[in-house]
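Colleague: Hey, dropping data_0.txt in here, compact mmCIF, C-alpha atoms:
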# COMPACT_ATOMS: atom_id res chain seq x y z
CA ALA A 1 233.96 -31.18 -98.85
CA PHE A 2 236.87 -32.44 -100.97
CA ILE A 3 235.38 -30.96 -104.15
CA ILE A 4 234.78 -27.61 -102.44
CA LEU A 5 238.39 -27.53 -101.22
CA GLN A 6 239.67 -28.38 -104.71
CA ILE A 7 237.62 -25.60 -106.30
CA LEU A 8 238.76 -23.08 -103.68
CA SER A 9 242.34 -24.33 -104.00
CA ASN A 10 242.34 -23.81 -107.77
CA PHE A 11 240.82 -20.35 -107.39
CA LEU A 12 243.35 -19.34 -104.74
CA ARG A 13 246.33 -20.48 -106.77
CA GLN A 14 245.69 -18.01 -109.58
CA ASP A 15 246.96 -14.47 -109.17
CA SER A 16 246.40 -11.61 -111.59
CA HIS A 17 249.32 -12.71 -113.79
CA SER A 18 248.23 -16.38 -113.98
CA ASN A 19 251.17 -17.46 -111.81
CA THR A 20 250.51 -19.89 -109.05
CA VAL A 21 250.34 -18.75 -105.45
CA PRO A 22 251.39 -21.37 -102.91
CA ILE A 23 248.77 -22.35 -100.37
CA PRO A 24 250.30 -22.56 -96.88
CA ASP A 25 248.33 -25.73 -96.02
CA GLN A 26 250.11 -27.59 -98.78
CA GLU A 27 253.68 -26.49 -97.97
CA ILE A 28 255.14 -29.84 -96.87
CA VAL A 29 258.39 -28.28 -95.61
CA GLY A 30 256.55 -25.57 -93.68
CA PHE A 31 256.97 -21.84 -93.97
CA SER A 32 258.29 -18.89 -92.01
CA ASP A 33 256.37 -15.85 -90.90
CA THR A 34 258.02 -13.72 -93.60
CA LYS A 35 257.05 -16.24 -96.28
CA LEU A 36 253.46 -16.18 -95.03
CA VAL A 37 253.41 -12.37 -95.23
CA HIS A 38 254.71 -12.63 -98.80
CA ILE A 39 252.06 -15.22 -99.72
CA PHE A 40 249.28 -13.12 -98.18
CA LEU A 41 250.48 -9.99 -100.01
CA ILE A 42 250.49 -11.87 -103.33
CA MET A 43 246.95 -13.16 -102.63
CA GLY A 44 245.60 -9.67 -102.11
CA SER A 45 242.49 -8.96 -100.06
CA ALA A 46 240.17 -11.00 -102.31
CA GLY A 47 242.52 -14.00 -102.22
CA ARG A 48 242.84 -13.77 -98.44
CA LYS A 49 239.04 -13.71 -98.17
CA TRP A 50 238.77 -16.89 -100.25
CA PHE A 51 241.64 -18.49 -98.34
CA MET A 52 239.77 -17.75 -95.11
CA ILE A 53 236.72 -19.58 -96.51
CA TYR A 54 239.04 -22.42 -97.57
CA GLU A 55 240.48 -22.63 -94.06
CA ILE A 56 237.05 -22.60 -92.41
CA VAL A 57 235.79 -25.41 -94.68
CA ASP A 58 239.01 -27.31 -94.03
CA LEU A 59 238.78 -26.79 -90.26
CA VAL A 60 235.07 -27.48 -89.79
CA VAL A 61 234.15 -29.99 -92.51
CA PHE A 62 237.06 -31.63 -94.29
CA SER A 63 239.58 -32.29 -91.50
CA PRO A 64 237.15 -33.82 -88.98
CA SER A 65 235.69 -36.15 -91.63
CA LEU A 66 239.11 -37.13 -92.95
CA TYR A 67 240.63 -37.93 -89.57
CA LEU A 68 237.51 -39.69 -88.35
CA PHE A 69 237.64 -41.82 -91.51
CA TRP A 70 241.31 -42.73 -90.92
CA PHE A 71 240.70 -43.42 -87.23
CA VAL A 72 237.78 -45.77 -87.94
CA LEU A 73 239.64 -47.40 -90.84
CA ILE A 74 242.65 -48.20 -88.66
CA LEU A 75 240.39 -49.56 -85.90
CA GLU A 76 238.57 -51.78 -88.40
CA LEU A 77 241.81 -52.97 -90.00
CA CYS A 78 243.19 -53.86 -86.58
CA ARG A 79 240.02 -55.80 -85.82
CA TYR A 80 239.91 -57.46 -89.27
CA GLU A 81 243.58 -58.42 -89.24
CA GLN A 82 243.24 -59.41 -85.59
CA ILE A 83 246.12 -57.22 -84.56
CA THR A 84 246.29 -58.01 -80.89
CA GLN A 85 249.44 -56.07 -80.15
CA THR A 86 248.14 -53.14 -78.14
CA ARG A 87 251.34 -51.16 -78.70
CA LEU A 88 250.98 -51.31 -82.51
CA ARG A 89 247.33 -50.26 -82.34
CA VAL A 90 248.18 -47.36 -80.04
CA ILE A 91 251.02 -46.20 -82.32
CA LEU A 92 248.79 -46.31 -85.40
CA LEU A 93 245.97 -44.43 -83.68
CA LEU A 94 248.30 -41.87 -82.11
CA ASN A 95 249.67 -41.18 -85.58
CA VAL A 96 246.18 -40.12 -86.70
CA ILE A 97 245.57 -38.14 -83.51
CA PHE A 98 248.85 -36.19 -83.83
CA ALA A 99 248.12 -35.40 -87.47
CA CYS A 100 244.62 -34.25 -86.55
CA ILE A 101 245.79 -32.01 -83.68
CA SER A 102 248.53 -30.43 -85.77
CA ASP A 103 246.13 -29.85 -88.67
CA PHE A 104 243.61 -28.14 -86.39
CA LEU A 105 246.38 -26.04 -84.86
CA GLU A 106 247.70 -25.06 -88.28
CA ASN A 107 244.26 -24.13 -89.64
CA SER A 108 243.42 -22.17 -86.49
CA MET A 109 246.68 -20.24 -86.61
CA ASN A 110 246.16 -19.49 -90.31
CA LEU A 111 242.68 -18.14 -89.54
CA ILE A 112 244.10 -15.90 -86.80
CA CYS A 113 246.80 -14.70 -89.19
CA LEU A 114 244.22 -13.99 -91.89
CA ALA A 115 241.91 -12.14 -89.52
CA THR A 116 244.69 -9.91 -88.16
CA PHE A 117 246.86 -9.52 -91.27
CA GLU A 118 248.77 -6.30 -91.83
CA SER A 119 251.72 -5.69 -94.15
CA GLN A 120 253.87 -5.01 -91.05
CA PRO A 121 252.81 -7.83 -88.70
CA SER A 122 253.06 -7.71 -84.91
CA ALA A 123 255.10 -10.06 -82.75
CA THR A 124 251.95 -12.00 -81.86
CA TRP A 125 251.11 -12.41 -85.54
CA ASN A 126 254.65 -13.67 -86.20
CA ARG A 127 254.30 -16.26 -83.42
CA CYS A 128 250.98 -17.47 -84.87
CA ALA A 129 252.53 -17.71 -88.34
CA SER A 130 255.58 -19.58 -87.01
CA THR A 131 253.35 -21.97 -85.04
CA SER A 132 251.35 -22.62 -88.19
CA GLY A 133 254.56 -23.31 -90.14
CA VAL A 134 255.72 -25.86 -87.56
CA ALA A 135 252.26 -27.43 -87.32
CA VAL A 136 252.14 -28.01 -91.08
CA VAL A 137 255.45 -29.91 -90.92
CA VAL A 138 254.13 -32.05 -88.06
CA LYS A 139 250.88 -32.64 -89.95
CA TRP A 140 252.67 -33.88 -93.06
CA THR A 141 255.03 -35.99 -90.95
CA PHE A 142 252.16 -37.89 -89.36
CA ALA A 143 249.63 -37.73 -92.20
What does the file become when written as structure tokens?

Modeller:
Amino acid sequence: AFIILQILSNFLRQDSHSNTVPIPDQEIVGFSDTKLVHIFLIMGSAGRKWFMIYEIVDLVVFSPSLYLFWFVLILELCRYEQITQTRLRVILLLNVIFACISDFLENSMNLICLATFESQPSATWNRCASTSGVAVVVKWTFA
């Protein structure tokens, strides 16, 4: 899954002038709805199609495996290190859960935005894009 995402990521980053196009998933400081419109316009219809595939792979394959890995790893480390403080274990596990929820929300909102994209977006589209921008900040805060 990681290799597929890297290949898709490299393909998506190239526009017709060999400049890089930012991928919304990797914007650590988030993005606004107008920035997302700009990114989608730069991608063009072919780039948006590939970005949709990227998002689906990220949502269905990569994210669940990544967060499950981190969840199990933290559980095992707590058991191995004999961390008996319930509060610390809960905080560590909630960190993974919040990152996972925000990543799923962000990917879902990006898919909705991709499926309903127009150059003059509706108010609903703007709310989805703004939600995605906030979710990406939360994801990178907890990830």

Colleague: At what distance in Å, to one decimal, does atom CA of A:Val137 lie from atom CA of A:Gln26?

Modeller: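 So the two atoms, atom CA of A:Gln26 and atom CA of A:Val137, lie 9.8 Å apart.
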
Colleague: Dump as CSV the rows for residues of stretch 14-58 of chain A within 10 Å of stretch 104-111 of chain A: closest atom pair and distance in Å with one decimal, only C-alpha atoms counted, ordered by chain and rising residue number.

Modeller:
residue,atom,partner,partner_atom,distance
A:Pro24,CA,A:Asn110,CA,8.4
A:Asp25,CA,A:Asn107,CA,7.7
A:Leu36,CA,A:Asn110,CA,9.3
A:Arg48,CA,A:Leu111,CA,9.9
A:Phe51,CA,A:Leu111,CA,8.9
A:Met52,CA,A:Leu111,CA,6.3
A:Ile53,CA,A:Leu111,CA,9.3
A:Tyr54,CA,A:Asn107,CA,9.6
A:Glu55,CA,A:Asn107,CA,6.0
A:Ile56,CA,A:Leu111,CA,7.7
A:Val57,CA,A:Asn107,CA,9.9
A:Asp58,CA,A:Asn107,CA,7.5

Colleague: Quick check, in Å to one decimal: how far apart do atom CA of A:Arg79 and atom CA of A:Thr141 lie?

Modeller: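 Atom CA of A:Arg79 sits 25.4 Å away from atom CA of A:Thr141.
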
Colleague: Env of A:Asp33: 7 Å cut, atoms = only C-alpha atoms, seq-sep filter 4 positions within chain, self excluded. Answer as a list in words.

Modeller: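 Contacts, in chain order: Val37, Asn126, Ala129 and Ser130 of chain A.
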
Colleague: State, in Å with one decimal place, the distance from atom CA of A:Glu118 to atom CA of A:Leu41.

Modeller: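 If I compute the distance from atom CA of A:Glu118 to atom CA of A:Leu41, I get 9.1 Å.
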
Colleague: Since the input is missing atoms, can you rebuild N, CA, C and O atoms for stretch 111-123 of chain A and write them as a short mmCIF file (atom, residue, chain, number, x, y, z; two decimals), in the frame of the given file?

Modeller:
data_model
loop_
_atom_site.label_atom_id
_atom_site.label_comp_id
_atom_site.auth_asym_id
_atom_site.auth_seq_id
_atom_site.Cartn_x
_atom_site.Cartn_y
_atom_site.Cartn_z
N LEU A 111 243.86 -19.00 -89.65
CA LEU A 111 242.68 -18.14 -89.54
C LEU A 111 242.99 -16.90 -88.71
O LEU A 111 242.55 -15.80 -89.06
N ILE A 112 243.72 -17.06 -87.61
CA ILE A 112 244.10 -15.90 -86.80
C ILE A 112 244.98 -14.96 -87.62
O ILE A 112 244.79 -13.74 -87.60
N CYS A 113 245.92 -15.53 -88.36
CA CYS A 113 246.80 -14.70 -89.19
C CYS A 113 246.01 -13.96 -90.26
O CYS A 113 246.27 -12.79 -90.54
N LEU A 114 245.05 -14.64 -90.87
CA LEU A 114 244.22 -13.99 -91.89
C LEU A 114 243.36 -12.88 -91.30
O LEU A 114 243.21 -11.82 -91.91
N ALA A 115 242.81 -13.12 -90.13
CA ALA A 115 241.91 -12.14 -89.52
C ALA A 115 242.65 -10.90 -89.04
O ALA A 115 242.07 -9.81 -88.99
N THR A 116 243.93 -11.04 -88.72
CA THR A 116 244.69 -9.91 -88.16
C THR A 116 245.83 -9.47 -89.07
O THR A 116 246.78 -8.86 -88.60
N PHE A 117 245.74 -9.79 -90.36
CA PHE A 117 246.86 -9.52 -91.27
C PHE A 117 247.06 -8.03 -91.51
O PHE A 117 246.11 -7.28 -91.72
N GLU A 118 248.31 -7.63 -91.44
CA GLU A 118 248.77 -6.30 -91.83
C GLU A 118 250.09 -6.49 -92.57
O GLU A 118 250.78 -7.48 -92.36
N SER A 119 250.47 -5.54 -93.41
CA SER A 119 251.72 -5.69 -94.15
C SER A 119 252.94 -5.65 -93.23
O SER A 119 253.99 -6.19 -93.56
N GLN A 120 252.81 -5.01 -92.07
CA GLN A 120 253.87 -5.01 -91.05
C GLN A 120 253.31 -5.74 -89.82
O GLN A 120 252.75 -5.11 -88.93
N PRO A 121 253.46 -7.06 -89.76
CA PRO A 121 252.81 -7.83 -88.70
C PRO A 121 253.42 -7.59 -87.32
O PRO A 121 254.59 -7.24 -87.20
N SER A 122 252.62 -7.85 -86.30
CA SER A 122 253.06 -7.71 -84.91
C SER A 122 253.81 -8.97 -84.48
O SER A 122 253.85 -9.97 -85.20
N ALA A 123 254.37 -8.91 -83.29
CA ALA A 123 255.10 -10.06 -82.75
C ALA A 123 254.15 -11.24 -82.51
O ALA A 123 254.52 -12.40 -82.75
#
